[in-house]
>>> print(open('data-v8.cif').read())   # mmCIF, C-alpha atoms
data_upload
loop_
_atom_site.group_PDB
_atom_site.id
_atom_site.type_symbol
_atom_site.label_atom_id
_atom_site.label_comp_id
_atom_site.auth_asym_id
_atom_site.auth_seq_id
_atom_site.Cartn_x
_atom_site.Cartn_y
_atom_site.Cartn_z
ATOM 1 C CA MET A 2 -20.504 11.431 1.895
ATOM 2 C CA SER A 3 -16.894 11.689 0.843
ATOM 3 C CA SER A 4 -15.986 12.264 -2.763
ATOM 4 C CA ARG A 5 -12.798 12.026 -4.710
ATOM 5 C CA GLU A 6 -13.083 15.691 -5.723
ATOM 6 C CA ASN A 7 -12.714 16.685 -2.062
ATOM 7 C CA TYR A 8 -9.752 14.378 -1.457
ATOM 8 C CA ALA A 9 -6.244 15.785 -1.214
ATOM 9 C CA PRO A 10 -3.382 13.738 0.217
ATOM 10 C CA GLY A 11 -1.671 15.116 3.284
ATOM 11 C CA ALA A 12 2.059 15.700 3.610
ATOM 12 C CA ALA A 13 4.485 12.821 3.222
ATOM 13 C CA SER A 14 4.719 11.191 6.645
ATOM 14 C CA GLY A 15 4.944 7.901 8.507
ATOM 15 C CA ALA A 16 7.557 6.441 6.169
ATOM 16 C CA GLU A 17 11.188 5.476 6.429
ATOM 17 C CA VAL A 18 13.684 3.457 4.454
ATOM 18 C CA ARG A 19 15.768 0.631 5.892
ATOM 19 C CA LYS A 20 18.905 0.044 3.855
ATOM 20 C CA ASP A 21 20.742 -3.265 3.784
ATOM 21 C CA GLY A 22 23.317 -2.915 1.026
ATOM 22 C CA ASP A 23 21.454 -2.799 -2.276
ATOM 23 C CA LYS A 24 18.273 -4.072 -0.655
ATOM 24 C CA TRP A 25 16.018 -1.228 0.414
ATOM 25 C CA THR A 26 12.828 -1.681 2.396
ATOM 26 C CA LEU A 27 10.116 0.926 2.589
ATOM 27 C CA VAL A 28 8.456 0.974 6.016
ATOM 28 C CA LEU A 29 5.109 2.754 6.213
ATOM 29 C CA VAL A 30 3.116 3.220 9.405
ATOM 30 C CA ARG A 31 -0.464 4.433 9.476
ATOM 31 C CA ASP A 32 -2.781 4.668 12.473
ATOM 32 C CA LEU A 33 -6.339 3.739 11.503
ATOM 33 C CA ARG A 34 -9.401 4.345 13.644
ATOM 34 C CA HIS A 35 -10.799 0.868 12.990
ATOM 35 C CA PRO A 36 -10.225 -2.414 14.891
ATOM 36 C CA PRO A 37 -7.646 -4.940 13.604
ATOM 37 C CA GLU A 38 -10.349 -7.421 12.530
ATOM 38 C CA LYS A 39 -11.911 -4.840 10.201
ATOM 39 C CA VAL A 40 -8.504 -3.796 8.791
ATOM 40 C CA TRP A 41 -7.535 -7.473 8.324
ATOM 41 C CA LEU A 42 -10.641 -8.073 6.219
ATOM 42 C CA ALA A 43 -9.753 -5.098 4.000
ATOM 43 C CA LEU A 44 -6.199 -6.458 3.554
ATOM 44 C CA THR A 45 -7.248 -10.005 2.702
ATOM 45 C CA ASP A 46 -10.700 -10.047 1.089
ATOM 46 C CA PRO A 47 -10.646 -9.734 -2.741
ATOM 47 C CA VAL A 48 -13.821 -7.606 -2.751
ATOM 48 C CA HIS A 49 -12.250 -5.128 -0.318
ATOM 49 C CA LEU A 50 -8.879 -5.171 -2.127
ATOM 50 C CA ARG A 51 -10.636 -4.054 -5.337
ATOM 51 C CA GLU A 52 -11.669 -0.870 -3.522
ATOM 52 C CA TRP A 53 -8.204 0.342 -2.483
ATOM 53 C CA ALA A 54 -5.205 -1.899 -3.366
ATOM 54 C CA PRO A 55 -2.894 -1.606 -6.397
ATOM 55 C CA PHE A 56 -3.743 -5.177 -7.388
ATOM 56 C CA ASP A 57 -6.607 -7.661 -7.576
ATOM 57 C CA ALA A 58 -6.320 -11.091 -5.965
ATOM 58 C CA ASP A 59 -7.852 -14.274 -7.383
ATOM 59 C CA ARG A 60 -8.625 -15.485 -3.846
ATOM 60 C CA GLY A 61 -8.564 -14.277 -0.261
ATOM 61 C CA LEU A 62 -5.125 -13.587 1.220
ATOM 62 C CA GLY A 63 -6.119 -14.754 4.698
ATOM 63 C CA ASN A 64 -4.752 -18.276 4.175
ATOM 64 C CA VAL A 65 -1.256 -19.508 3.336
ATOM 65 C CA GLY A 66 -0.834 -20.822 -0.211
ATOM 66 C CA PRO A 67 -0.648 -19.800 -3.872
ATOM 67 C CA VAL A 68 -2.441 -16.701 -5.162
ATOM 68 C CA LYS A 69 -2.450 -14.639 -8.356
ATOM 69 C CA LEU A 70 -2.141 -10.864 -7.975
ATOM 70 C CA SER A 71 -2.927 -8.708 -11.016
ATOM 71 C CA THR A 72 -1.772 -5.108 -11.165
ATOM 72 C CA VAL A 73 -4.416 -2.485 -11.815
ATOM 73 C CA GLY A 74 -4.037 0.739 -13.758
ATOM 74 C CA THR A 75 -1.118 -0.435 -15.904
ATOM 75 C CA PRO A 76 -1.297 -0.506 -19.714
ATOM 76 C CA THR A 77 -0.941 -4.310 -19.633
ATOM 77 C CA PRO A 78 -2.055 -6.137 -16.482
ATOM 78 C CA GLN A 79 0.929 -7.804 -14.827
ATOM 79 C CA VAL A 80 -0.055 -11.073 -13.196
ATOM 80 C CA SER A 81 2.191 -12.287 -10.381
ATOM 81 C CA GLU A 82 1.912 -15.887 -9.298
ATOM 82 C CA THR A 83 2.889 -15.683 -5.670
ATOM 83 C CA THR A 84 2.395 -17.322 -2.318
ATOM 84 C CA VAL A 85 0.955 -16.066 0.932
ATOM 85 C CA LYS A 86 3.758 -17.142 3.288
ATOM 86 C CA ARG A 87 2.195 -16.132 6.601
ATOM 87 C CA ALA A 88 -1.390 -15.282 7.492
ATOM 88 C CA GLU A 89 -2.015 -14.895 11.214
ATOM 89 C CA ALA A 90 -5.355 -13.114 11.539
ATOM 90 C CA PRO A 91 -5.721 -10.346 12.502
ATOM 91 C CA ARG A 92 -2.079 -9.392 13.066
ATOM 92 C CA LEU A 93 0.414 -10.561 10.432
ATOM 93 C CA LEU A 94 0.308 -11.090 6.655
ATOM 94 C CA GLU A 95 3.267 -11.824 4.359
ATOM 95 C CA TYR A 96 3.439 -12.393 0.600
ATOM 96 C CA SER A 97 5.449 -11.280 -2.426
ATOM 97 C CA TRP A 98 4.296 -8.998 -5.228
ATOM 98 C CA GLY A 99 6.102 -7.617 -8.256
ATOM 99 C CA GLY A 100 9.481 -8.911 -7.144
ATOM 100 C CA GLY A 101 9.234 -7.445 -3.642
ATOM 101 C CA ASP A 102 8.222 -8.883 -0.297
ATOM 102 C CA LEU A 103 5.321 -7.347 1.620
ATOM 103 C CA ARG A 104 4.844 -7.754 5.351
ATOM 104 C CA TRP A 105 1.773 -6.249 7.014
ATOM 105 C CA GLU A 106 1.557 -5.989 10.794
ATOM 106 C CA LEU A 107 -1.580 -4.917 12.625
ATOM 107 C CA GLU A 108 -1.344 -3.829 16.251
ATOM 108 C CA PRO A 109 -4.334 -2.827 18.383
ATOM 109 C CA LEU A 110 -4.079 0.873 19.224
ATOM 110 C CA GLY A 111 -6.851 2.170 21.453
ATOM 111 C CA GLY A 112 -10.024 1.331 19.511
ATOM 112 C CA GLY A 113 -8.103 1.303 16.249
ATOM 113 C CA THR A 114 -5.097 -0.268 14.547
ATOM 114 C CA ARG A 115 -1.500 0.678 13.902
ATOM 115 C CA LEU A 116 -0.850 -0.714 10.421
ATOM 116 C CA THR A 117 2.792 -1.197 9.413
ATOM 117 C CA LEU A 118 3.855 -2.243 5.925
ATOM 118 C CA TRP A 119 7.375 -3.372 5.016
ATOM 119 C CA HIS A 120 7.892 -3.480 1.225
ATOM 120 C CA ASN A 121 11.177 -4.157 -0.595
ATOM 121 C CA ILE A 122 11.283 -1.710 -3.495
ATOM 122 C CA ASN A 123 14.005 -0.947 -6.014
ATOM 123 C CA ARG A 124 15.865 2.093 -4.717
ATOM 124 C CA GLY A 125 15.132 4.034 -7.922
ATOM 125 C CA TYR A 126 11.385 3.746 -7.344
ATOM 126 C CA ILE A 127 11.132 3.880 -3.566
ATOM 127 C CA ALA A 128 9.714 7.438 -3.541
ATOM 128 C CA TRP A 129 7.051 6.359 -6.076
ATOM 129 C CA GLY A 130 6.262 3.357 -3.898
ATOM 130 C CA ALA A 131 5.861 5.536 -0.824
ATOM 131 C CA ALA A 132 3.606 7.986 -2.690
ATOM 132 C CA GLY A 133 1.543 5.137 -4.138
ATOM 133 C CA TRP A 134 1.030 3.406 -0.796
ATOM 134 C CA HIS A 135 0.239 6.798 0.785
ATOM 135 C CA LEU A 136 -2.692 7.201 -1.650
ATOM 136 C CA CYS A 137 -3.768 3.565 -1.129
ATOM 137 C CA PHE A 138 -3.758 3.984 2.670
ATOM 138 C CA ASP A 139 -5.844 7.166 2.398
ATOM 139 C CA VAL A 140 -8.374 5.338 0.200
ATOM 140 C CA LEU A 141 -8.337 2.363 2.621
ATOM 141 C CA ASP A 142 -9.022 4.635 5.604
ATOM 142 C CA ARG A 143 -12.021 6.186 3.851
ATOM 143 C CA LEU A 144 -13.298 2.766 2.761
ATOM 144 C CA LEU A 145 -13.146 1.501 6.358
ATOM 145 C CA ALA A 146 -15.020 4.613 7.496
ATOM 146 C CA GLY A 147 -17.832 3.815 5.037
ATOM 147 C CA GLU A 148 -16.874 6.744 2.773
ATOM 148 C CA PRO A 149 -15.313 5.014 -0.262
ATOM 149 C CA ILE A 150 -13.736 7.215 -2.936
ATOM 150 C CA GLY A 151 -12.493 4.411 -5.207
ATOM 151 C CA ARG A 152 -8.937 3.278 -5.654
ATOM 152 C CA ILE A 153 -6.283 5.602 -7.027
ATOM 153 C CA VAL A 154 -3.509 3.457 -8.508
ATOM 154 C CA GLY A 155 -1.167 3.064 -11.472
ATOM 155 C CA ALA A 156 -1.254 5.657 -14.228
ATOM 156 C CA GLU A 157 -4.319 7.277 -12.646
ATOM 157 C CA ALA A 158 -2.372 7.870 -9.419
ATOM 158 C CA MET A 159 0.460 9.498 -11.363
ATOM 159 C CA LYS A 160 -2.004 11.968 -12.907
ATOM 160 C CA PHE A 161 -3.590 12.633 -9.532
ATOM 161 C CA ASP A 162 -3.213 16.054 -7.972
ATOM 162 C CA GLY A 163 -0.681 15.716 -5.186
ATOM 163 C CA TRP A 164 1.229 12.764 -6.687
ATOM 164 C CA GLN A 165 4.271 14.762 -7.823
ATOM 165 C CA ARG A 166 4.388 16.661 -4.514
ATOM 166 C CA LEU A 167 4.216 13.447 -2.479
ATOM 167 C CA THR A 168 6.888 11.762 -4.617
ATOM 168 C CA ALA A 169 9.198 14.765 -4.222
ATOM 169 C CA GLU A 170 8.590 14.959 -0.455
ATOM 170 C CA TYR A 171 9.327 11.260 0.042
ATOM 171 C CA ALA A 172 12.420 11.453 -2.217
ATOM 172 C CA LYS A 173 13.733 14.318 -0.094
ATOM 173 C CA GLN A 174 13.001 12.451 3.165
ATOM 174 C CA PHE A 175 14.770 9.337 1.871
ATOM 175 C CA GLY A 176 17.707 11.228 0.355
ATOM 176 C CA VAL A 177 17.111 9.912 -3.166
ATOM 177 C CA GLU A 178 16.413 11.467 -6.546
ATOM 178 C CA ALA A 179 12.762 11.556 -7.485
ATOM 179 C CA PRO A 180 12.215 9.157 -10.429
ATOM 180 C CA GLY A 181 12.110 10.740 -13.879
ATOM 181 C CA TRP A 182 8.699 12.211 -14.555
ATOM 182 C CA LYS A 183 6.755 11.349 -17.692
ATOM 183 C CA GLY A 184 3.501 13.253 -17.420
#
>>> encode(input="data-v8.cif", output="structure tokens")
Amino acid sequence: MSSRENYAPGAASGAEVRKDGDKWTLVLVRDLRHPPEKVWLALTDPVHLREWAPFDADRGLGNVGPVKLSTVGTPTPQVSETTVKRAEAPRLLEYSWGGGDLRWELEPLGGGTRLTLWHNINRGYIAWGAAGWHLCFDVLDRLLAGEPIGRIVGAEAMKFDGWQRLTAEYAKQFGVEAPGWKG
């Protein structure tokens, strides 16, 4: 049985930044040992999202159409009215959240899945975004393995051991300043 006390995030890895003028896109790749259908369910089902994602959804994300995403772990919940633009189970999911576009691609890889996320993030916060998604992906991997440790998002993530290290490592990899720290 896995527990949060035993969890420590690994080194910053599997991330890059694509720059197009002022528009920066964070690209994160994670190989998961679970089949695409299982990963797809975790990405689209509101019950699964509550276990690992930085937001709650008012409906499943597996179908195109309007959806409300509510941030978790922020002093005031931010509700984004958005639209799932593409949902091609179990390989492609696109929607917007918090002013940025998210594109999830799932590719079969052996018996598992290569999960790739493209997320437009303000350049000043791209290292935070990478660190945050890193924690979310770790929690997702454990959830899929049947060893849930509960989501680590928002202010809780920023207090989490390893957060500052991850943010600094990603900032260095991306060639940006780490965002100002208020701890």
>>> closest_residue(input="data-v8.cif", among="A:Gly133, A:Pro76, A:Tyr126, A:Phe161", to="Ala179 of chain A", atoms="only C-alpha atoms")
A:Tyr126
>>> residues_near_point(input="data-v8.cif", point="(2.8, 13.2, -3.4)", cutoff="12 Å", atoms="all atoms listed in the file", output="PyMOL selection string")
chain A and resi 9-14+128-137+158-173+179
>>> write_last_selection(input="data-v8.cif", atoms="C-alpha atoms", output="tab-separated table (two decimals), keeping the file's coordinate frame")
chain	number	residue	atom	x	y	z
A	9	ALA	CA	-6.24	15.78	-1.21
A	10	PRO	CA	-3.38	13.74	0.22
A	11	GLY	CA	-1.67	15.12	3.28
A	12	ALA	CA	2.06	15.70	3.61
A	13	ALA	CA	4.49	12.82	3.22
A	14	SER	CA	4.72	11.19	6.64
A	128	ALA	CA	9.71	7.44	-3.54
A	129	TRP	CA	7.05	6.36	-6.08
A	130	GLY	CA	6.26	3.36	-3.90
A	131	ALA	CA	5.86	5.54	-0.82
A	132	ALA	CA	3.61	7.99	-2.69
A	133	GLY	CA	1.54	5.14	-4.14
A	134	TRP	CA	1.03	3.41	-0.80
A	135	HIS	CA	0.24	6.80	0.78
A	136	LEU	CA	-2.69	7.20	-1.65
A	137	CYS	CA	-3.77	3.56	-1.13
A	158	ALA	CA	-2.37	7.87	-9.42
A	159	MET	CA	0.46	9.50	-11.36
A	160	LYS	CA	-2.00	11.97	-12.91
A	161	PHE	CA	-3.59	12.63	-9.53
A	162	ASP	CA	-3.21	16.05	-7.97
A	163	GLY	CA	-0.68	15.72	-5.19
A	164	TRP	CA	1.23	12.76	-6.69
A	165	GLN	CA	4.27	14.76	-7.82
A	166	ARG	CA	4.39	16.66	-4.51
A	167	LEU	CA	4.22	13.45	-2.48
A	168	THR	CA	6.89	11.76	-4.62
A	169	ALA	CA	9.20	14.76	-4.22
A	170	GLU	CA	8.59	14.96	-0.46
A	171	TYR	CA	9.33	11.26	0.04
A	172	ALA	CA	12.42	11.45	-2.22
A	173	LYS	CA	13.73	14.32	-0.09
A	179	ALA	CA	12.76	11.56	-7.48
>>> resolve_selection(input="data-v8.cif", expression="the PyMOL selection byres ((chain A and resi 75) around 12)", output="ChimeraX atom specification")
/A:55-56,71-74,76-80,153-159
>>> closest_residue(input="data-v8.cif", among="A:Trp41, A:Trp119, A:Trp25, A:Trp53", to="Arg143 of chain A", atoms="all atoms listed in the file")
A:Trp53
>>> closest_residue(input="data-v8.cif", among="A:Val65, A:Ile122, A:Val85, A:Val48", to="Gly101 of chain A", atoms="all atoms listed in the file")
A:Ile122
>>> closest_residue(input="data-v8.cif", among="A:Ala146, A:Leu118, A:Tyr96, A:Val18", to="Val177 of chain A", atoms="all atoms listed in the file")
A:Val18
>>> atom_distance(input="data-v8.cif", atom1="atom CA of Arg31 of chain A", atom2="atom CA of Leu62 of chain A")
20.4 Å
>>> closest_residue(input="data-v8.cif", among="A:Gly125, A:Gly15, A:Gly111, A:Pro37", to="Glu89 of chain A", atoms="only C-alpha atoms")
A:Pro37
>>> atom_distance(input="data-v8.cif", atom1="atom CA of Ala88 of chain A", atom2="atom CA of Asp142 of chain A")
21.4 Å
>>> resolve_selection(input="data-v8.cif", expression="the PyMOL selection byres ((chain A and resi 93) around 9)", output="list in words")
Trp41, Arg87, Ala88, Glu89, Ala90, Pro91, Arg92, Leu94, Glu95, Arg104, Trp105, Glu106 and Leu107 of chain A
>>> residues_around(input="data-v8.cif", residues="Leu144 of chain A", least_positions_apart="4", cutoff="9 Å", atoms="all atoms listed in the file", output="PyMOL selection string")
chain A and resi 43+49+52-53+139-140+148-151
>>> closest_residue(input="data-v8.cif", among="A:Pro67, A:Val30, A:His120, A:Leu141", to="Leu42 of chain A", atoms="all atoms listed in the file")
A:Leu141
>>> residues_around(input="data-v8.cif", residues="Lys24 of chain A", least_positions_apart="6", cutoff="9 Å", atoms="only C-alpha atoms", output="PDB file with C-alpha atoms, in the frame of the given file")
ATOM      1  CA  ASN A 121      11.177  -4.157  -0.595  1.00  0.00           C
ATOM      2  CA  ILE A 122      11.283  -1.710  -3.495  1.00  0.00           C
ATOM      3  CA  ASN A 123      14.005  -0.947  -6.014  1.00  0.00           C
ATOM      4  CA  ARG A 124      15.865   2.093  -4.717  1.00  0.00           C
TER       5      ARG A 124
END
>>> atom_distance(input="data-v8.cif", atom1="atom CA of Lys69 of chain A", atom2="atom CA of Thr26 of chain A")
22.7 Å
>>> residues_around(input="data-v8.cif", residues="Leu33 of chain A", least_positions_apart="5", cutoff="7 Å", atoms="all atoms listed in the file", output="PDB file with C-alpha atoms, keeping the file's coordinate frame")
ATOM      1  CA  GLY A 113      -8.103   1.303  16.249  1.00  0.00           C
ATOM      2  CA  THR A 114      -5.097  -0.268  14.547  1.00  0.00           C
ATOM      3  CA  ARG A 115      -1.500   0.678  13.902  1.00  0.00           C
ATOM      4  CA  ASP A 142      -9.022   4.635   5.604  1.00  0.00           C
TER       5      ASP A 142
END
>>> axis_aligned_box(input="data-v8.cif", around="segment 95-113 of chain A", padding_each_side="5 Å", output="JSON")
{"center_x": -0.3, "center_y": -5.1, "center_z": 6.6, "size_x": 29.5, "size_y": 24.6, "size_z": 39.7}
